[in-house]
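Engineer: Okay, so here is query.csv, and as you'll see once you scroll down, it has CSV, C-alpha atoms.
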```csv
chain,number,residue,atom,x,y,z
H,1,MET,CA,0.0,0.0,0.0
H,2,LYS,CA,2.9,2.4,0.9
H,3,LYS,CA,4.5,1.6,-2.5
H,4,LEU,CA,1.3,2.4,-4.4
H,5,LEU,CA,0.9,5.7,-2.4
H,6,LEU,CA,4.5,6.7,-3.2
H,7,LEU,CA,3.9,6.0,-6.9
H,8,TYR,CA,0.8,8.2,-6.8
H,9,LEU,CA,2.8,11.0,-5.2
H,10,VAL,CA,5.5,10.8,-7.8
H,11,LEU,CA,3.0,10.9,-10.6
H,12,ILE,CA,1.2,13.9,-9.1
H,13,GLY,CA,4.5,15.7,-8.6
H,14,THR,CA,5.6,15.1,-12.2
H,15,PHE,CA,2.3,16.4,-13.4
H,16,LEU,CA,2.6,19.5,-11.3
H,17,VAL,CA,6.1,20.2,-12.7
H,18,TYR,CA,4.7,19.8,-16.2
H,19,LEU,CA,1.9,22.3,-15.5
H,20,TYR,CA,4.4,24.8,-14.0
H,21,THR,CA,6.8,24.5,-17.0
H,22,ALA,CA,4.1,24.5,-19.7
H,23,TYR,CA,1.7,27.2,-18.4
H,24,ILE,CA,2.7,29.1,-15.2
H,25,ARG,CA,6.4,29.8,-16.1
H,26,GLU,CA,5.4,30.7,-19.7
H,27,ASP,CA,3.5,33.7,-18.3
H,28,GLU,CA,6.5,35.0,-16.4
H,29,GLY,CA,8.1,36.6,-19.5
H,30,PRO,CA,10.4,35.8,-22.4
H,31,ILE,CA,12.1,32.5,-21.6
H,32,GLY,CA,13.8,30.1,-24.1
H,33,ARG,CA,13.7,30.0,-27.8
H,34,ASP,CA,10.0,31.0,-28.2
H,35,ALA,CA,10.7,34.5,-26.8
H,36,GLY,CA,13.2,35.4,-29.4
H,37,LEU,CA,15.4,38.5,-29.2
H,38,ARG,CA,13.4,41.5,-27.9
H,39,GLY,CA,14.6,44.9,-26.8
H,40,GLU,CA,12.9,48.1,-25.7
H,41,MET,CA,11.6,51.1,-27.8
H,42,ASP,CA,13.8,53.5,-25.8
H,43,GLN,CA,16.8,51.7,-27.4
H,44,LYS,CA,17.4,53.9,-30.4
H,45,TYR,CA,19.9,52.8,-33.2
H,46,VAL,CA,21.0,55.2,-35.9
H,47,MET,CA,22.0,54.7,-39.5
H,48,VAL,CA,24.5,57.3,-40.7
H,49,ASN,CA,25.6,57.7,-44.4
H,50,PHE,CA,26.0,60.4,-47.1
H,51,LEU,CA,23.9,61.6,-50.1
H,52,THR,CA,21.0,60.7,-47.9
H,53,GLY,CA,18.3,61.5,-50.5
H,54,ILE,CA,19.4,59.1,-53.2
H,55,ASP,CA,17.4,55.9,-54.0
H,56,TYR,CA,20.3,53.6,-53.3
H,57,TRP,CA,19.9,53.8,-49.5
H,58,LYS,CA,16.2,53.0,-49.4
H,59,ASN,CA,16.5,49.2,-49.4
H,60,GLY,CA,19.2,49.2,-46.8
H,61,LEU,CA,17.1,51.5,-44.6
H,62,LYS,CA,14.2,49.1,-45.1
H,63,GLY,CA,16.3,46.3,-43.8
H,64,PHE,CA,17.3,48.4,-40.8
H,65,GLU,CA,13.7,49.2,-40.1
H,66,ASP,CA,12.6,45.6,-40.5
H,67,ALA,CA,15.2,44.4,-38.0
H,68,ALA,CA,14.0,47.1,-35.6
H,69,GLU,CA,10.4,45.9,-35.9
H,70,ALA,CA,11.5,42.3,-35.2
H,71,LEU,CA,13.6,43.3,-32.2
H,72,GLY,CA,11.1,45.9,-30.7
H,73,VAL,CA,13.6,48.8,-30.8
H,74,SER,CA,13.6,52.2,-32.6
H,75,VAL,CA,15.8,53.5,-35.4
H,76,GLU,CA,16.7,56.9,-36.9
H,77,TYR,CA,18.2,57.8,-40.3
H,78,ARG,CA,20.9,60.5,-40.4
H,79,GLY,CA,23.7,61.6,-42.7
H,80,ALA,CA,25.3,64.1,-45.0
H,81,THR,CA,22.9,65.5,-47.6
H,82,GLN,CA,25.8,66.1,-50.0
H,83,TYR,CA,28.8,64.1,-51.1
H,84,ASP,CA,30.8,66.0,-48.4
H,85,VAL,CA,33.2,64.2,-46.0
H,86,ASN,CA,33.1,67.1,-43.5
H,87,GLU,CA,29.4,67.1,-43.3
H,88,GLU,CA,29.3,63.4,-42.6
H,89,VAL,CA,31.9,63.8,-39.8
H,90,THR,CA,29.8,66.6,-38.3
H,91,VAL,CA,26.6,64.5,-38.4
H,92,LEU,CA,28.3,61.5,-36.9
H,93,GLU,CA,29.7,63.7,-34.1
H,94,GLN,CA,26.2,65.0,-33.4
H,95,VAL,CA,24.8,61.5,-33.3
H,96,ILE,CA,27.5,60.3,-30.9
H,97,ALA,CA,26.7,63.2,-28.5
H,98,ARG,CA,23.1,61.9,-28.1
H,99,LYS,CA,24.4,58.5,-26.9
H,100,PRO,CA,22.4,56.2,-29.1
H,101,ALA,CA,22.2,52.4,-28.4
H,102,GLY,CA,24.4,51.8,-31.5
H,103,ILE,CA,25.4,53.3,-34.9
H,104,ALA,CA,25.7,51.8,-38.4
H,105,VAL,CA,27.9,53.9,-40.6
H,106,SER,CA,28.7,53.9,-44.3
H,107,ALA,CA,32.0,55.8,-44.7
H,108,ILE,CA,32.4,58.4,-47.4
H,109,ASN,CA,36.1,58.1,-46.9
H,110,PRO,CA,38.0,55.1,-45.4
H,111,GLU,CA,40.1,57.4,-43.1
H,112,ALA,CA,38.2,60.6,-42.3
H,113,LEU,CA,35.6,59.1,-39.9
H,114,ASN,CA,38.1,57.0,-37.9
H,115,ALA,CA,38.5,59.4,-35.0
H,116,ALA,CA,34.7,59.8,-34.5
H,117,ILE,CA,34.1,56.1,-34.8
H,118,ASN,CA,36.8,55.3,-32.3
H,119,LYS,CA,35.4,57.9,-29.9
H,120,ALA,CA,32.0,56.3,-30.0
H,121,VAL,CA,33.3,52.8,-29.4
H,122,GLU,CA,35.5,53.9,-26.5
H,123,ALA,CA,32.5,55.6,-25.0
H,124,GLY,CA,30.6,52.3,-25.1
H,125,ILE,CA,28.5,53.0,-28.2
H,126,PRO,CA,28.8,50.0,-30.6
H,127,VAL,CA,29.6,50.9,-34.2
H,128,VAL,CA,29.4,48.6,-37.3
H,129,MET,CA,30.2,49.6,-40.8
H,130,PHE,CA,28.0,48.8,-43.8
H,131,ASP,CA,28.4,49.3,-47.6
H,132,SER,CA,31.6,51.3,-47.4
H,133,ASP,CA,34.2,50.4,-44.7
H,134,ALA,CA,36.6,52.3,-42.5
H,135,PRO,CA,38.9,49.3,-41.9
H,136,ASP,CA,41.4,51.0,-39.6
H,137,SER,CA,38.7,52.2,-37.2
H,138,LYS,CA,37.6,50.4,-34.1
H,139,ALA,CA,34.2,49.5,-35.6
H,140,TYR,CA,33.3,45.9,-34.7
H,141,SER,CA,32.4,44.6,-38.2
H,142,PHE,CA,31.7,45.4,-41.8
H,143,LEU,CA,28.7,44.2,-43.7
H,144,GLY,CA,28.7,44.8,-47.4
H,145,THR,CA,29.6,43.6,-50.9
H,146,ASP,CA,32.9,41.9,-51.6
H,147,ASN,CA,33.8,44.9,-53.8
H,148,TYR,CA,37.0,43.5,-55.3
H,149,ASN,CA,35.1,40.4,-56.4
H,150,ALA,CA,32.4,42.7,-57.9
H,151,GLY,CA,35.0,44.3,-60.0
H,152,VAL,CA,36.2,40.9,-61.1
H,153,THR,CA,32.6,40.0,-62.1
H,154,ALA,CA,32.2,43.2,-64.0
H,155,ALA,CA,35.5,42.6,-66.0
H,156,ARG,CA,34.4,39.1,-67.0
H,157,LYS,CA,31.0,40.3,-68.0
H,158,MET,CA,32.5,43.1,-70.0
H,159,ALA,CA,34.8,40.6,-71.8
H,160,GLU,CA,31.7,38.6,-72.7
H,161,PHE,CA,30.0,41.7,-74.1
H,162,THR,CA,33.0,43.0,-76.1
H,163,GLY,CA,34.5,39.8,-77.4
H,164,THR,CA,37.7,40.2,-75.2
H,165,ARG,CA,39.2,43.0,-77.4
H,166,GLY,CA,39.1,46.8,-77.4
H,167,LYS,CA,39.5,49.9,-75.3
H,168,LEU,CA,37.6,50.4,-72.0
H,169,GLY,CA,37.0,53.2,-69.5
H,170,VAL,CA,36.0,53.4,-65.8
H,171,ILE,CA,34.0,56.1,-64.1
H,172,THR,CA,34.3,55.8,-60.3
H,173,GLN,CA,34.6,57.7,-57.0
H,174,PRO,CA,38.4,57.3,-56.2
H,175,ASN,CA,38.3,58.6,-52.6
H,176,GLN,CA,35.8,55.9,-51.4
H,177,LEU,CA,37.1,52.5,-50.4
H,178,ASN,CA,34.4,50.3,-51.9
H,179,HIS,CA,34.8,52.1,-55.3
H,180,GLN,CA,38.6,51.7,-55.1
H,181,GLU,CA,38.2,48.0,-54.6
H,182,ARG,CA,35.7,47.6,-57.5
H,183,THR,CA,38.1,49.5,-59.8
H,184,LYS,CA,41.1,47.4,-58.7
H,185,GLY,CA,39.2,44.1,-59.2
H,186,PHE,CA,38.2,45.3,-62.7
H,187,GLN,CA,41.8,46.4,-63.5
H,188,ASP,CA,43.5,43.3,-62.1
H,189,THR,CA,41.2,40.9,-64.0
H,190,LEU,CA,41.7,42.7,-67.3
H,191,ARG,CA,45.4,42.5,-66.8
H,192,SER,CA,45.5,38.8,-65.8
H,193,GLU,CA,42.7,37.3,-68.0
H,194,TYR,CA,42.0,39.7,-70.9
H,195,PRO,CA,45.3,41.2,-72.2
H,196,ASN,CA,43.5,42.5,-75.4
H,197,LEU,CA,41.1,44.6,-73.3
H,198,GLN,CA,42.9,47.8,-72.7
H,199,LEU,CA,41.8,50.2,-69.8
H,200,VAL,CA,42.6,53.6,-71.3
H,201,SER,CA,40.8,56.0,-68.9
H,202,VAL,CA,39.7,56.2,-65.2
H,203,GLU,CA,37.6,59.2,-64.3
H,204,ASP,CA,36.0,60.6,-61.1
H,205,GLY,CA,32.3,60.9,-61.6
H,206,LYS,CA,31.8,62.2,-58.0
H,207,GLY,CA,28.7,60.1,-57.6
H,208,ASP,CA,26.8,62.7,-59.7
H,209,GLN,CA,24.8,62.0,-62.8
H,210,LEU,CA,25.7,65.2,-64.7
H,211,VAL,CA,29.4,65.0,-63.8
H,212,SER,CA,29.6,61.4,-64.9
H,213,GLU,CA,27.8,62.2,-68.2
H,214,GLN,CA,30.4,65.0,-68.9
H,215,LYS,CA,33.3,62.7,-68.1
H,216,ALA,CA,31.9,59.9,-70.3
H,217,ALA,CA,31.3,62.4,-73.2
H,218,GLY,CA,35.0,63.5,-72.9
H,219,MET,CA,36.1,59.9,-72.8
H,220,LEU,CA,34.1,59.1,-76.0
H,221,GLU,CA,35.5,62.1,-77.8
H,222,LYS,CA,39.1,61.2,-76.8
H,223,TYR,CA,38.7,57.5,-77.7
H,224,PRO,CA,36.2,57.3,-80.5
H,225,ASP,CA,36.8,53.5,-80.7
H,226,LEU,CA,35.9,52.9,-77.0
H,227,ARG,CA,34.1,49.6,-76.6
H,228,GLY,CA,32.9,49.7,-73.0
H,229,ILE,CA,32.6,51.7,-69.7
H,230,PHE,CA,32.4,50.3,-66.2
H,231,VAL,CA,30.6,52.6,-63.8
H,232,THR,CA,31.0,51.8,-60.1
H,233,GLU,CA,27.8,53.4,-58.9
H,234,ALA,CA,24.2,54.0,-60.0
H,235,ASN,CA,24.0,57.8,-60.6
H,236,GLY,CA,27.1,57.6,-62.8
H,237,GLY,CA,25.6,54.7,-64.7
H,238,VAL,CA,22.6,56.8,-65.7
H,239,GLY,CA,24.8,59.7,-66.7
H,240,VAL,CA,27.1,57.5,-68.8
H,241,GLY,CA,24.0,56.0,-70.5
H,242,ASN,CA,22.8,59.5,-71.5
H,243,ALA,CA,26.3,60.3,-72.9
H,244,VAL,CA,26.4,57.1,-75.0
H,245,LEU,CA,22.9,57.8,-76.3
H,246,ASP,CA,23.8,61.5,-77.1
H,247,ALA,CA,26.9,60.3,-79.0
H,248,GLY,CA,24.8,57.8,-81.0
H,249,LYS,CA,27.1,54.9,-79.9
H,250,LEU,CA,24.7,52.6,-78.3
H,251,ASP,CA,25.6,49.7,-80.7
H,252,GLN,CA,29.3,50.2,-80.0
H,253,VAL,CA,29.7,51.0,-76.3
H,254,ARG,CA,28.7,48.5,-73.6
H,255,ILE,CA,28.0,49.9,-70.1
H,256,ILE,CA,28.1,47.9,-66.9
H,257,SER,CA,26.7,49.8,-63.9
H,258,PHE,CA,26.0,49.2,-60.2
H,259,ASP,CA,22.8,49.0,-58.2
H,260,THR,CA,19.1,48.8,-59.0
H,261,ASP,CA,17.5,52.2,-58.7
H,262,LYS,CA,14.6,52.6,-61.1
H,263,ARG,CA,16.4,54.8,-63.6
H,264,THR,CA,19.2,52.2,-63.9
H,265,LEU,CA,16.8,49.3,-64.3
H,266,ASP,CA,14.9,51.3,-67.0
H,267,MET,CA,18.2,51.7,-68.9
H,268,VAL,CA,18.9,48.0,-68.6
H,269,LYS,CA,15.4,47.2,-69.8
H,270,SER,CA,15.9,49.5,-72.9
H,271,GLY,CA,19.3,48.1,-73.6
H,272,THR,CA,21.2,51.3,-72.9
H,273,ILE,CA,23.0,49.7,-70.0
H,274,SER,CA,24.1,46.1,-70.8
H,275,ALA,CA,24.2,45.0,-67.1
H,276,THR,CA,24.1,46.3,-63.6
H,277,LEU,CA,25.4,44.6,-60.4
H,278,ALA,CA,22.7,44.3,-57.7
H,279,GLN,CA,24.0,44.5,-54.1
H,280,GLY,CA,22.4,42.9,-51.1
H,281,THR,CA,21.5,46.2,-49.6
H,282,TRP,CA,18.5,45.0,-47.5
H,283,ASN,CA,20.9,42.5,-45.9
H,284,MET,CA,23.3,45.3,-45.1
H,285,GLY,CA,20.7,47.2,-43.1
H,286,TYR,CA,19.1,44.2,-41.4
H,287,TRP,CA,22.2,42.5,-40.2
H,288,SER,CA,23.9,45.7,-39.2
H,289,LEU,CA,21.1,46.3,-36.7
H,290,MET,CA,21.3,42.7,-35.5
H,291,HIS,CA,25.0,43.1,-34.9
H,292,LEU,CA,24.5,46.3,-33.0
H,293,PHE,CA,21.7,44.8,-30.9
H,294,LEU,CA,23.8,41.8,-29.8
H,295,LEU,CA,26.6,44.2,-28.8
H,296,ARG,CA,24.4,46.7,-27.0
H,297,ASN,CA,22.6,44.0,-25.0
H,298,GLU,CA,25.9,42.2,-24.2
H,299,LEU,CA,24.6,39.0,-25.9
H,300,VAL,CA,28.2,38.9,-27.2
H,301,GLU,CA,31.0,40.5,-25.3
H,302,PRO,CA,31.6,44.1,-26.6
H,303,MET,CA,35.4,44.5,-26.4
H,304,PRO,CA,36.5,47.9,-27.7
H,305,ASN,CA,40.1,46.7,-28.0
H,306,TRP,CA,39.3,43.3,-29.5
H,307,ARG,CA,41.7,44.0,-32.4
H,308,GLU,CA,44.6,43.8,-30.0
H,309,SER,CA,43.6,40.4,-28.7
H,310,ASN,CA,42.4,39.3,-32.1
H,311,VAL,CA,39.3,37.8,-30.5
H,312,PRO,CA,36.4,39.4,-32.3
H,313,PRO,CA,33.0,39.2,-30.6
H,314,LEU,CA,31.2,39.0,-34.0
H,315,PRO,CA,32.1,38.1,-37.6
H,316,THR,CA,34.3,41.0,-38.7
H,317,TYR,CA,33.1,40.8,-42.3
H,318,VAL,CA,29.8,39.7,-43.7
H,319,ASP,CA,29.6,39.4,-47.5
H,320,THR,CA,26.1,40.5,-48.5
H,321,GLY,CA,26.5,39.3,-52.1
H,322,ILE,CA,25.9,40.5,-55.7
H,323,THR,CA,23.9,39.4,-58.7
H,324,VAL,CA,24.2,40.4,-62.3
H,325,VAL,CA,21.1,42.0,-63.7
H,326,THR,CA,20.5,42.0,-67.5
H,327,ARG,CA,17.5,42.4,-69.8
H,328,SER,CA,16.6,38.7,-69.1
H,329,ASN,CA,16.0,39.2,-65.4
H,330,VAL,CA,15.6,42.9,-64.9
H,331,ASP,CA,11.8,42.7,-64.2
H,332,ASN,CA,12.6,40.8,-61.0
H,333,TYR,CA,14.4,43.9,-59.5
H,334,TYR,CA,11.7,46.5,-59.8
H,335,ALA,CA,10.1,47.5,-56.4
H,336,LYS,CA,7.0,45.6,-55.8
```
Will you turn the file into structure tokens for me?
Structural biologist:
Amino acid sequence: MKKLLLLYLVLIGTFLVYLYTAYIREDEGPIGRDAGLRGEMDQKYVMVNFLTGIDYWKNGLKGFEDAAEALGVSVEYRGATQYDVNEEVTVLEQVIARKPAGIAVSAINPEALNAAINKAVEAGIPVVMFDSDAPDSKAYSFLGTDNYNAGVTAARKMAEFTGTRGKLGVITQPNQLNHQERTKGFQDTLRSEYPNLQLVSVEDGKGDQLVSEQKAAGMLEKYPDLRGIFVTEANGGVGVGNAVLDAGKLDQVRIISFDTDKRTLDMVKSGTISATLAQGTWNMGYWSLMHLFLLRNELVEPMPNWRESNVPPLPTYVDTGITVVTRSNVDNYYAK
């Protein structure tokens, strides 16, 4: 009889533990995997970049906002309205002074923002880079395109379009690291794989449609037998497209551009631009905020001097990928 009573007590105790685990404890708050990652709305994270009004940033900002919604935190968008390094430094300093939960930065120049970025990290404000890096700063990670590889891809695509022979030009932004890497990947690949494709001109389009159009017009005049132009950003691609159309050389000159704003996609669809390289901009924004959230809430150990110990708390580089957009798949890239 005692053994049967003991068995009943064990069964009742087991059942009560089950009820507590399944129902009562569940009401106490976020526990275990079902709760997910959740923050507070008073945690504000800031995205800082430059040329804030251009279409290029919209998808990255959408990713940043989507991550904020998933995490239950708030975000803000700030930056330089012009292509002006001093303005971006000033804006970043202003953001730091307000002590946000974290900052995602795209650097107009790989060196100029280092002091401000380092100040933020040393003050306990996590910083990650996206799209354009500041590799010598104390930022915890960089999330963006493998820009050298993008240049390699552009060179190989250009060779396919031109038949591996002829004169080529590049229009870029030479003071910005991501554009430097795209240009270098393009140059190195021509040199090593396509010796009969000659790069005859590299010009600074300043990220401006009109300036890029003028530079392309001068290039076409100086080299009337030019076969192709690689443009490392979207505004320049549209400007070069206009220059080639005005010169009546659409059948001769192939253009490879960058990004997927509507004007670029329209030129791909019409055949003015032969191809454009689509970046994973939504991923840049989304995972930048995820990195910042993990650092801010000490779900990983935020070590401002991690570079000295060579023990990073997060992946230091996340490749957000590229795809080649041509007439055959351009409809998939228009905003839905």
Engineer: Which neighbours of range 209-215 of chain H fall inside 6 Å, counting all atoms listed in the file, when residues of the same chain fewer than 4 positions from it are skipped, and could you give them as a list of chain:residue names?
Structural biologist: H:Gly205, H:Asn235, H:Gly236, H:Gly239, H:Val240, H:Ala243
Engineer: Output C-alpha atoms for every residue in the selection just made, as an mmCIF file, in the frame of the given file.
Structural biologist:
```cif
data_model
loop_
_atom_site.group_PDB
_atom_site.id
_atom_site.type_symbol
_atom_site.label_atom_id
_atom_site.label_comp_id
_atom_site.auth_asym_id
_atom_site.auth_seq_id
_atom_site.Cartn_x
_atom_site.Cartn_y
_atom_site.Cartn_z
ATOM 1 C CA GLY H 205 32.300 60.900 -61.600
ATOM 2 C CA ASN H 235 24.000 57.800 -60.600
ATOM 3 C CA GLY H 236 27.100 57.600 -62.800
ATOM 4 C CA GLY H 239 24.800 59.700 -66.700
ATOM 5 C CA VAL H 240 27.100 57.500 -68.800
ATOM 6 C CA ALA H 243 26.300 60.300 -72.900
#
```
Engineer: Counting only C-alpha atoms, which residue out of H:Ala335, H:Ile103, H:Ala154, H:Ile108 sits closest to Thr232 in chain H?
Structural biologist: H:Ala154
Engineer: Just checking: using only C-alpha atoms, which residue out of H:Leu277, H:Met158, H:Val121, H:Leu177 ends up closest to Pro135 in chain H?
Structural biologist: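 The answer is H:Leu177, which sits nearest to Pro135 in chain H.
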Engineer: Please indicate the distance in Å from CA of Tyr148 in chain H to CA of Gln279 in chain H, rounded to one decimal place.
Structural biologist: 13.1 Å
Engineer: Set the distance at 10 Å and use only C-alpha atoms: which residues neighbour range 56-62 of chain H once local chain neighbours fewer than 4 positions away are removed? I'd like the list as a ChimeraX atom specification.
Structural biologist: /H:47,49-52,66-68,75-77,130-131,233-235,258-262,279-288,335
Engineer: From the list H:Glu65, H:Glu298, H:Asp225, H:Asp331, which residue is nearest Arg165 in chain H when using all atoms listed in the file?
Structural biologist: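 With all atoms listed in the file as the atom set, the closest residue is H:Asp225.
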Engineer: Which of these residues is nearest to Val253 in chain H, using only C-alpha atoms: H:Gln94, H:Ser274, H:Ser141, H:Asn149?
Structural biologist: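 Closest candidate: H:Ser274.
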Engineer: CA of Asp204 in chain H to CA of Pro174 in chain H: how many Å, to one decimal?
Structural biologist: 6.4 Å
Engineer: Starting from the incomplete input, reconstruct N, CA and C atoms of range 165-178 of chain H and write that as a short mmCIF file (atom, residue, chain, number, x, y, z; two decimals), in the coordinates of the input.
Structural biologist:
```cif
data_model
loop_
_atom_site.label_atom_id
_atom_site.label_comp_id
_atom_site.auth_asym_id
_atom_site.auth_seq_id
_atom_site.Cartn_x
_atom_site.Cartn_y
_atom_site.Cartn_z
N ARG H 165 38.20 42.10 -76.68
CA ARG H 165 39.20 43.00 -77.40
C ARG H 165 38.61 44.40 -77.45
N GLY H 166 39.49 45.40 -77.23
CA GLY H 166 39.10 46.80 -77.40
C GLY H 166 39.52 47.66 -76.22
N LYS H 167 39.15 48.95 -76.30
CA LYS H 167 39.50 49.90 -75.30
C LYS H 167 38.30 50.13 -74.33
N LEU H 168 38.63 50.28 -73.05
CA LEU H 168 37.60 50.40 -72.00
C LEU H 168 37.91 51.62 -71.12
N GLY H 169 36.86 52.12 -70.46
CA GLY H 169 37.00 53.20 -69.50
C GLY H 169 36.30 52.81 -68.19
N VAL H 170 36.64 53.51 -67.11
CA VAL H 170 36.00 53.40 -65.80
C VAL H 170 35.61 54.74 -65.29
N ILE H 171 34.41 54.87 -64.77
CA ILE H 171 34.00 56.10 -64.10
C ILE H 171 33.65 55.67 -62.64
N THR H 172 34.32 56.30 -61.65
CA THR H 172 34.30 55.80 -60.30
C THR H 172 34.28 56.99 -59.30
N GLN H 173 34.44 56.67 -58.01
CA GLN H 173 34.60 57.70 -57.00
C GLN H 173 35.93 57.28 -56.24
N PRO H 174 37.05 57.85 -56.65
CA PRO H 174 38.40 57.30 -56.20
C PRO H 174 38.70 57.53 -54.77
N ASN H 175 37.96 58.34 -54.02
CA ASN H 175 38.30 58.60 -52.60
C ASN H 175 37.51 57.63 -51.67
N GLN H 176 36.66 56.77 -52.22
CA GLN H 176 35.80 55.90 -51.40
C GLN H 176 36.28 54.47 -51.54
N LEU H 177 36.48 53.78 -50.41
CA LEU H 177 37.10 52.50 -50.40
C LEU H 177 36.40 51.44 -51.27
N ASN H 178 35.08 51.38 -51.16
CA ASN H 178 34.40 50.30 -51.90
C ASN H 178 34.54 50.55 -53.44
#
```
